[in-house]
Each structure stands twice: as C-alpha cells, then as structure tokens.
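Participant: Got a structure for you, questions after.
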2 protein chains.
Amino acid sequence: MEKLKKYISVKDEDQFYHQGAVELLVFNFLLILTILTIWLFKNHRFRFLHETGGAMLYGLVMGLIIQYATKASDVEGGTVYECEKLKSGRSTLLLNITNQVYEYQYKREVSHHNVNGHQGNAMLQKRHFFRNLGSILTYAFLGTAISCIIIGLIMYGFVKAMVHIGQLKEWEFHFTDCLFFGSLMSATDPVTVLAIFHELHVDTDLYTLLFGESVLNDAVAIVLTYSISIYSPKENPNTFDAAAFFQSVGNFLGIFAGSFAMGSSYAIVTALLTKFTKLCEFPMLETGLFFLLSWSAFLSAEAAGLTGIVAVLFCGVTQAHYTYNNLSPDSKMRTKQLFEFMNFLAENVIFCYMGLALFTFQNHIFNPFFIFGAFVAVFVARACNIYPLTFLLNLGRKQKIARNFQHMMMFSGLRGAIAFALAIQDTESQPKQMMFTTALLIVLFTVWVFGGGTTPMLTWLQIRVGVDPDEDLKAEAASQSASNPDKNTTKAESAWLFRIWYSFDHKYLKPILTHAGPPLTTTLPEWCNPVARLLTSPSAYEDQLKDDDTDYIINNDELTENYESSAHTPVWDRTGSTQATGKEDIHEGDLGLGGYKLQLEHTAHQPQMNSLA
Amino acid sequence: MEKLKKYISVKDEDQFYHQGAVELLVFNFLLILTILTIWLFKNHRFRFLHETGGAMLYGLVMGLIIQYATKASDVEGGTVYECEKLKSGRSTLLLNITNQVYEYQYKREVSHHNVNGHQGNAMLQKRHFFRNLGSILTYAFLGTAISCIIIGLIMYGFVKAMVHIGQLKEWEFHFTDCLFFGSLMSATDPVTVLAIFHELHVDTDLYTLLFGESVLNDAVAIVLTYSISIYSPKENPNTFDAAAFFQSVGNFLGIFAGSFAMGSSYAIVTALLTKFTKLCEFPMLETGLFFLLSWSAFLSAEAAGLTGIVAVLFCGVTQAHYTYNNLSPDSKMRTKQLFEFMNFLAENVIFCYMGLALFTFQNHIFNPFFIFGAFVAVFVARACNIYPLTFLLNLGRKQKIARNFQHMMMFSGLRGAIAFALAIQDTESQPKQMMFTTALLIVLFTVWVFGGGTTPMLTWLQIRVGVDPDEDLKAEAASQSASNPDKNTTKAESAWLFRIWYSFDHKYLKPILTHAGPPLTTTLPEWCNPVARLLTSPSAYEDQLKDDDTDYIINNDELTENYESSAHTPVWDRTGSTQATGKEDIHEGDLGLGGYKLQLEHTAHQPQMNSLA
C-alpha cells in the first residue's frame, strides 16, 4: 500500500519512508532483545541489572553501532539531515533514528508510562499511602523544592567557577538556568528500585514512602520546570525581579491546580458515564471509553496550556479509586491488562531510547567540570531533602522513620524518564545541550549503579524483605496492643487527614460516583433529597439490606475510626485490603478468618447505618 | 512538559502543537460519542446502523462543522497550510484535521485492523475455512482480478464518453488509471455484514465464504493496486506494452509471495522463540514479544519494498495457528484481548476518519458522471465476480452454493477501509482526486445502505439464522448418512486440499513449531533423527502416552481420512472444533457425547501411533 508512493517520481520521500521503516525496525529489534533478556534474567533470578538498565544498555550498544558504522554514509547521503530540515531546523527531537512521527508517539508514551504505573500500583498501595500521606506530601512538595534550590545553588557555584577559569562565558549561563537544571534533575524515578522492592516484598511503609514520593514528585518537578522556564525578569536575568518571581509562583500553583482539576474532571465524567449507562454489558466499550477519556484528559490539559502528564496522572489516580469500581469484572481485567501492557512497553521504549541517545544525539557537550558538579549537586540535594525533612517528620511521627530507611531513601534517589524527557525538550542552546548530556549521564549512572546495587544495599542496611503486608500489619497491631496500651497515638501522624478524607469520600464521593457506599439520601441534608435520589445508584438501597461489597467500605470507614481504640485490627486489615485490590487477594491471606469477618461486619454495619440516618 | 516549548519565542510551533492537541481531542470525542452510541444501539438491539456506519456519521457531521464553522479562520490564519508546507507540499495525507504524526499512526492501524480481525476469527472459522478453501481462493484471486478488469473497462468507457462531451482531456485519464481504480475498488470489506452474521449466527458456510473471500481479497487488491501503479509502458500509456505488462504480473507475484514469506517467517520465528524459551512464565513478556514481532513483520516488509499489510496479515494467520498455541493460558487471554481492543479502536478510528474526510478533504472533485459510472461498474463487477464463478464452482461442488447465498454474497460486496486507504495514498493529480472522492462516496453508500440492509435482506432471502455450527454439522452429517449412502463424495470439493495440508501440518509443522503433534522422530525419515530429536518438544513424547490435546489433533487427522467412509462424523466434528477454537467451546455442544468421544479417541489413537511408528 505504502508502495504507491513509488508511482510518483519523488525518490526522496520514498527513500525516507523506507529509512523510517528500517529505523523503527531496528528499535523494534532492540525491544525484542530486551524482552528476551528480561526473561533470561528473571529466569535466573538475576537482580543485579533491572530490565530498564538492560534496555538502556542495548540502546547504548545500538547507538554506538549506528554512530560509528553509518557515520560516513550519513554525511554523504544527507538523508537524515534532510529530515531535520523538514522540521525547519528546530531540534525538539534531534535523534536521527527517528522522525517527527516518532516524536509524537514518544511523548504520549511518557505520559502513559506515568499514569499506568501509578494506576496499577496506586490501588495496591492505597491504604499505606493514606497512612503516610503527610510524610509523602512533605517529601514531594517541600523535598522537591529543596532539591531544586540546592542543585541550582551548587550548579551556580560551579558555573561561576567555570566562568572564572574561562570555560564558560558569563552571559551564557544564568542563575535561572541553574534553577531550571535543578528542577528537572529533581524528578526522581525509582522504577528499578520499586520493582525490586515489589519482588522481594520489602517493608510496605518504606515502599509506600518511596512510591508516593516519586508519584507526586514527578508532577511537582514537571510543573516547577515549566514555571522556571517561563520566568522572565524584565532586566538583567541575574537580578531578582519580585514581580516576575511571584508570577512564576502563581504560574506554578495555577498550572498544578489546573492540571489536577482537569484530570479529576475527566475521571469524574468517566465515573458518571460508567455508572449511569449500563455499558458494563459490553466490556470492550467500557475499556475503550476508559482509555479514550483518560487520553482526552492529557490532550485537554495540553490544549489548555496546562501539563498533560500531571493531568493524566491525577486522572489515573481518580479513575483507579472510582471509575474502576464501576467496571464489570471482565472490563476490569481487560483495562488493567491493557494499561499494564502499555506501561511495560512504554517503559522499555523510553529506556532503550535513552541508551540510544547517548551516541546518536548529535550535539552532546561533555563538560567534565559541569558533569562532576552535577553529580555532587544531585547527591547533596538528595541528602538535604531526605535527612532534614525526615528529622522534622520524625518529630511529629510516633512510628519513626528509622535510620536505615532514611539511608535507603537517600540511595533510591534515581533519576529516570522524566528528567530525561524534561532535558530533551529544549536542546537549542549550548547550555541546554550541556544540561541534556549531563542529565543523560546521571540517569544512566543512577539506574545502573544504584538500581543494580539495590539488593546488596537492602542486605547491608538490614532492611527486612519477604514481608506479607497483611500479616505485617496484623502482627504489628497485635504487638502494639500487647506492649503499648497508648496505641491510639501510634497512627496519629496522618490519622486526622486520613479520617477526614475517608469520611468525605465515603459519604459523598463514592455514592455519587460509584454504585457503592450508603445512599445519598441518608448522607446529604434533607433538602437535597431530590438530587440525592437522582444520583444514588439503585443498588445502594439494596446493599443497605444485604451483606455486599459496600459493607466492606462501610466497615472500613467505621472500623478505621475504631481502629485506635478497639481490637478489630485484623478485620480492618482484611477489609481494607479487599477494597483496595479487588477480587484478587480474596483468595490470599487467612481464609480461616473469613466467617468471623463476615459476621463481624454484618453486626458492625447496622449501628452505623442508624447513626448516619 | 510540552510547555517548555514556550520558553523559546517561536510562537508558531507552540500554536501548532496546541492546535494538534485540540484536533486530536475533537477526534477523541468523536470516538467517545461513537462508543456511547454503539452501546445505545446494542442495548436496544438496533441492527439497522452498524457501529462503523455510526462512526462515519459522526465523522461526517463533525467534518461539516469543521468545514463551515472554521473555514474563515483557516484561510486567514494559514496555520494549517503551514503544516502542509513543512511536508514540502506533498499531499499523501491532505486532511487538515491531522498532521504528519497522525498519518503514521493511521497506517499502522489499518494494518492492525486487518491482522487482528482475521486473527481472532480465523481461529473460529478454521474448520469451515478449509472445507471451502477452493471456493474461497477462487473468489479471492480470480474474482478480484475479474472485478478489477470489469471496473477498469466500464470506467474506461465512461472516461471515453466524458472526453467526448468535453468533461475530461484525453491525456488526463489513461486505461491504466481506470485499472488502478478498478483494483482499489475491488477490495471488499464486509465488516458490517460479518458482524451481523456473527451476531445472528447465520449459516456458517455462508459466513466462511464471505469472510475468507474478504481476508484474501484485501491482500490481492492491495498488491494488484501497487503492481498497476508501477506499470510503466515505455511509450504511449494507452498502448499495450507486453514487456511492461509481464513485469507488472511478475511484480504482483513477487510482492505477494515475498510478503507472504516475510509474514510467515516472522510467525515461525515467534513460534520457535515461544516454544524453546520458557517465556510463558511471564505472560507480559510473551504478549510483548508477540506484539513486537508481528509489528516487525509489517516494518520489514515495508523496508524491503513489499506490502506490510499483506505481510502482517499472513503473519497473523500463522501466529494464530502455531504461536498462539505455545502461549501460556494467561498470555493467550492477554494477547487476544489486546488485539481485540486495538482492532475495535482502529476500526472506529478509520470509519470516523472516513466520515471526516468527506467534508474536510480540500481537493474533492465531485464529477456526477464519473461517480455514476463507478457505482454501475462496482455493481456490475460484483455480479460478474459472484454469479459466473459460483456457477463454475457449483459444477465441482456437491454441496452447491444456493441461489439465495449467491444473492447475499452479491449484496455483501461492501467497500471499506482498504479501498479508502488505497485511494487516499495518492491524491496529487486531478484524476486521482476524482477517484478518491468517488471511492469515498461508494464506501459511505455501501456501508450505510448495504450494511443497514443486511438484516432485512437475510429475511427476504430466507437465509436461516440462529445456527449452532456444531449442531448444524452433526445434523447435516446424520441426515446425509441416512439419506445418501454415497456421502463420501459430499465433501469431496476440497477434501484433497484439506487432507494434504492437514497431514503435512500435523506431521511436520505442528511438531516443529508447537508443543503439540506426534514426535518428529516418528514422522521424519530415520536419517533426520538428530535434528528431529532437537526440535521435538519434550511434552510431545509424554503426550504419546497420555490422553492429551495432541490426541485431538491426531484423531482429527486420522478421522478426517476416515470421514468419508465411516460413521465417526460426530466425533470428527467435536474434535475438529475443539482443535480450532481451543478451550472455549469445550463447554459448549453436546456434553452427553463427551464420554463416548474420549473413549473413541483413545482407541482410535493407538492404531495410528503404530502406523506412524
């Protein structure tokens, strides 16, 4: 079909198309090779090199081959440069392995990379996430800001020194450029570490702290980078311009809030659509709707001048919490597997691509001084983020974050896809090219060295592995109730946040957006009754009478409030986990507890219904 | 992230990017609307308008709005035309709703559209497919050639007449152009009709004839179109140049065979990879490999100057027959659902797109004379394809293709995605633009009118619906064995083809490429033993001893040979269908027969093993 182009005598385009197919094919083969290697590694339980590291390595080798084996013909034929001319000389994506076509693909995959990973895991980790919400928010917002400023300051010092020894010109590198570099290098991506944590069943609190930090930290870093990039003081770029500064801060808040709102709105629309249409009879349609509306969140945010990735991230989190529960069992599985697959593919695509970029990108500037500075800055900034903030958090937390956990968090400050993507956005000027090269090296180094060193590090820090989160929580609660009668302060850290949110979510959001929860007629004030009746799912009334899934949620809420002063912990734990992960782990855990649990729930359920009515 | 572009003061690109997001979003909303409408239709069992027709309708309405609501600003702002300039003025894709990015995406989806639909269905229809193989091949190859020539001749007549009345200039439209139009209009796409057939359980033979024809017919039409497009007689394009003609014929055969070989090779590689690695422990990796290798088949064919769609089509068919059986149950489901989803999405994307194209394509040439001629030509060519060929086939077939089946096949000659895609490839010259406009109108008309009229037509032609294929075949065989003792000639039509292929497939291909089948050591000559031992799956030896899946195949093969002279028909039927559709229909059909069947197979199995050894 494509060959019809040959009919027209314009040879160039045809050759260009073939070239495109060949290059895409090379990339495809890299991925296939990666997949086979992953299997080999998994098969031999070889954890030193994670699949992302492997993908990068293959990309690297292929890039080396492309660079040195085809250099001569490239320069002579000029086909590749012709392609760049077509893009009017702009180099948003300078890799000659790809064309404009591919660029688009690539951007979307970055976004999927985010939403999917988070979506899947968010469900599993929801309970621990809320328990540690305060700490996570602190690390993500305050920590990222600290990291950005520290890296910016250190780099500014290095830049000054470079100007002094004549390696750079004064006007080439401003303080805002240093902050820009600081913000993009603040996006951590511990995908490698988390994968190993997940596989080895590392302590769930540590997992959640790291996971939660990296989810929100990406969003913060992306918006921060953008805000800094549009900071434009009127006069000398090195002087402080208060108006421009506050405008940047305003931009940051506006874009963050806007993207959040955009993402959540789409999720709410999807939830309402899946709730009020009986679409669930046709799983394919549901999955299609879920996919398209999530993607629309990305596109809408981009079209509105917000950040698509952040929007799709929050859209995904909300979808996982509400919409996902409205889906039929069949579409739940389809949707989950579809996103899992796209996540898997996108992750390998981007890490392969990073490896390729090291040798095929044409405008690398390797400045050893700058690179050394960046490594120091990234290391110091991570330390200034983790240790002081943990010290402050531990003042408030009863369940302290232990020393070895802190070291592990320090160690897990890998840089990955987001830092790379932010750096490759702009490689026009020399400073930006220097930043890109440096960012790429830091990503490669951290993924290989820190990623590869995760397992030895866990052993060295004596962090326990093989933890069953259910058993863990049960044992913990039991030992606390035995040894510490004052245990109601143990979880106090984010209990108030947890309780307020859960109560609001359970009473209003769940009943509006899903089939679960108590009828709105019982939770909303009486004058809202007409609206409440319209929005309440018919099944909510039925569920009031029988022992259904909703009971889990009701109990969850109530038992959570009882958590600190009663002995119901095992039940709370079971129901919490059932709600979070759905059907799958209903077969896991202590089945002997099942009868007891159901009975207890049934009795616990009645008083609450009355108290709500 | 994307917003970083704003940092650079090039406003145009930023605006272009936003424009792109908005346009993609509009398209997204169209799809979401389509999905919701599909649900509404399905919910009300409303079969008059198939989802593809609905998708086109929405595209049409949106195109109308875009065309008339935004015309002024387009002309003034010029943003859209700027984009076309970037592509150096070539108009492989002139729709201003999209950019080069989208074009690429679109091509791939056409290819998925093909391979997936066929892959899923090919499994179900395999048995009937082989029974009707002779007829299907006749319709697909001979029928498509006839259709191409008839349309070409009729259009040439119309063109001559148009030249006569002064609507066209002699040199604008050659006979090869008419043949080109004939070949692209010969690709039938009865997706609408087949969907309804599937839903209503129309007679399986009719379904298979139509389905088989449309699968292979696409491949033939695509290669034919390409071959005609590169036919370049040295002198006057209207004179016959024997050398160039035979070169075109050679091209056709070469490209067809090459694409077939390329597709099958990839499938064989995938089969061997999935057989000899124990990848099946990690379903995601298997699915990834399956996906990437299938896509590589497309890319390789394109890179080699063959046709990617045809390669991926044959790759898909082979994957479904061999590789799919090597997958673990989990990846089988994942892979099937992934391709189903992509098929669903791609189908709706392309039909939406067609609707959009009617109003947003800038260079339509509506020539009523040409359009009228094309409608007549398509209709006449379909008649010249179906009726004479069926007459000839019926001479050889004992189980004749009935009159009402012929009318239904005539009626089901819809034109769809492939005709559209072939026509949009080249819209440079005025004749090509006229062809594109005409092809689009024919697609819209046939999908809406014939697609919508399928159910009334079935009633009018008194074609029975609600057929259970298993019961059907059983009843048929039973009635034949009662009324017609000479039944061994009933299936003779393609029994020899069927038998040769099945025997070869069962003895050599299945054991080499999958875990099923008898050990190669028993089927290959003795001197091949070392190789045979290497290639035979360990499970093949085990299966020799126990009653496993392989038995079905073995019996299938043996019973097929017995089919014409023994009373084992019901067993053949059950085992044949089990092999073709796998686990799913093991729960269907006559369960009372189960015990009998297994026992019979077990006894039937022993003698054959001996005869093979």
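Identifiers in the structure tokens: chain A, B, ... in order shown; residue index from 1 per chain; ligand index from 1 in order shown.
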What's around region 213-226 of chain B at 8 Å? Count only C-alpha atoms, leave out sequence neighbours fewer than 2 positions away in its own chain, and write the answer as a ChimeraX atom specification.
Facilitator: /A:1,3-4 /B:114,118,136-137,139-141,144,180,183-184,186-190,209-211,228-230,252,255-256,307,309-310,313,418,422
Participant: In Å, how far is it from CA of Leu393 (chain A) to CA of Phe504 (chain A)?
Facilitator: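 We find that CA of Leu393 (chain A) and CA of Phe504 (chain A) lie 25.8 Å from each other.
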Participant: Would you pick out the contacts of region 457-467 of chain B at 7 Å or less, using only C-alpha atoms, so that residues sharing its chain but fewer than 3 positions from it are not included, and give the list as an mmCIF file with C-alpha atoms, in the first residue's frame?
Facilitator:
data_model
loop_
_atom_site.group_PDB
_atom_site.id
_atom_site.type_symbol
_atom_site.label_atom_id
_atom_site.label_comp_id
_atom_site.auth_asym_id
_atom_site.auth_seq_id
_atom_site.Cartn_x
_atom_site.Cartn_y
_atom_site.Cartn_z
ATOM 1 C CA LEU B 200 -27.364 -13.602 14.340
ATOM 2 C CA HIS B 201 -25.472 -16.899 13.871
ATOM 3 C CA VAL B 202 -26.083 -17.021 10.159
ATOM 4 C CA ASP B 203 -25.264 -20.219 8.280
ATOM 5 C CA ASN B 404 -30.060 -17.156 -2.043
ATOM 6 C CA GLY B 453 -29.998 -3.571 4.856
ATOM 7 C CA THR B 454 -28.313 -6.797 5.928
ATOM 8 C CA ASP B 472 -25.554 -27.942 12.235
#
Participant: Please list as number ranges by chain every residue within 7 Å of Phe314 (chain A), counting only C-alpha atoms and excluding residues in the same chain fewer than 6 positions away.
Facilitator: A: 260, 263-264
Participant: Pull N, CA, C and O atoms from the residues just selected and write them as a CSV table (one decimal), in the first residue's frame.
Facilitator:
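Output file part-v2.csv is given in full below:
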chain,number,residue,atom,x,y,z
A,260,PHE,N,-4.6,19.4,37.9
A,260,PHE,CA,-5.3,18.5,38.8
A,260,PHE,C,-6.8,18.5,38.6
A,260,PHE,O,-7.4,17.4,38.4
A,263,GLY,N,-7.6,16.8,35.2
A,263,GLY,CA,-7.5,15.3,35.3
A,263,GLY,C,-8.7,14.7,36.1
A,263,GLY,O,-9.3,13.8,35.6
A,264,SER,N,-9.0,15.3,37.2
A,264,SER,CA,-10.1,14.8,38.1
A,264,SER,C,-11.4,14.9,37.4
A,264,SER,O,-12.3,14.0,37.5
Participant: I'd like to know which of A:His321, A:His50, A:Lys278, A:Lys160 is closest to chain B, using only C-alpha atoms.
Facilitator: A:Lys278
Participant: Env of Phe173 (chain B): 10 Å cut, atoms = only C-alpha atoms, seq-sep filter 5 positions within chain, self excluded. Answer as number ranges by chain.
Facilitator: B: 156, 159-160, 163, 168, 178, 237-238, 430-432
Participant: Go ahead and save the residues from that selection, with N, CA and C atoms, as an mmCIF file, in the first residue's frame.
Facilitator:
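Result file is part_32.cif:
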data_model
loop_
_atom_site.group_PDB
_atom_site.id
_atom_site.type_symbol
_atom_site.label_atom_id
_atom_site.label_comp_id
_atom_site.auth_asym_id
_atom_site.auth_seq_id
_atom_site.Cartn_x
_atom_site.Cartn_y
_atom_site.Cartn_z
ATOM 1 N N TYR B 156 -13.329 2.903 -18.219
ATOM 2 C CA TYR B 156 -12.675 3.406 -19.421
ATOM 3 C C TYR B 156 -13.719 3.872 -20.421
ATOM 4 N N VAL B 159 -14.975 7.141 -19.155
ATOM 5 C CA VAL B 159 -13.969 8.183 -19.349
ATOM 6 C C VAL B 159 -13.950 8.629 -20.806
ATOM 7 N N LYS B 160 -14.032 7.658 -21.714
ATOM 8 C CA LYS B 160 -14.072 7.975 -23.152
ATOM 9 C C LYS B 160 -15.268 8.888 -23.450
ATOM 10 N N VAL B 163 -14.609 12.303 -22.153
ATOM 11 C CA VAL B 163 -13.703 13.027 -23.047
ATOM 12 C C VAL B 163 -14.503 13.545 -24.233
ATOM 13 N N LEU B 168 -13.425 15.847 -19.733
ATOM 14 C CA LEU B 168 -12.063 15.417 -19.397
ATOM 15 C C LEU B 168 -11.177 15.614 -20.615
ATOM 16 N N CYS B 178 -7.731 3.704 -15.084
ATOM 17 C CA CYS B 178 -9.009 3.021 -14.883
ATOM 18 C C CYS B 178 -8.792 1.681 -14.180
ATOM 19 N N PRO B 237 1.044 5.639 -23.076
ATOM 20 C CA PRO B 237 0.474 4.880 -21.965
ATOM 21 C C PRO B 237 -0.801 4.130 -22.344
ATOM 22 N N ASN B 238 -1.390 4.490 -23.492
ATOM 23 C CA ASN B 238 -2.625 3.791 -23.865
ATOM 24 C C ASN B 238 -2.383 2.553 -24.711
ATOM 25 N N GLN B 430 -5.485 15.480 -10.593
ATOM 26 C CA GLN B 430 -6.949 15.601 -10.638
ATOM 27 C C GLN B 430 -7.651 14.259 -10.809
ATOM 28 N N PRO B 431 -7.185 13.372 -11.700
ATOM 29 C CA PRO B 431 -7.863 12.074 -11.809
ATOM 30 C C PRO B 431 -7.854 11.322 -10.489
ATOM 31 N N LYS B 432 -6.734 11.402 -9.774
ATOM 32 C CA LYS B 432 -6.636 10.687 -8.505
ATOM 33 C C LYS B 432 -7.591 11.294 -7.477
#
Participant: For a quick check of understanding, using only C-alpha atoms, which of A:Met354, A:Ala540, A:Ile401, A:Ala161 has the smallest distance to Ala417 (chain A)?
Facilitator: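 Answer, going by the shortest atom-to-atom distance: A:Met354.
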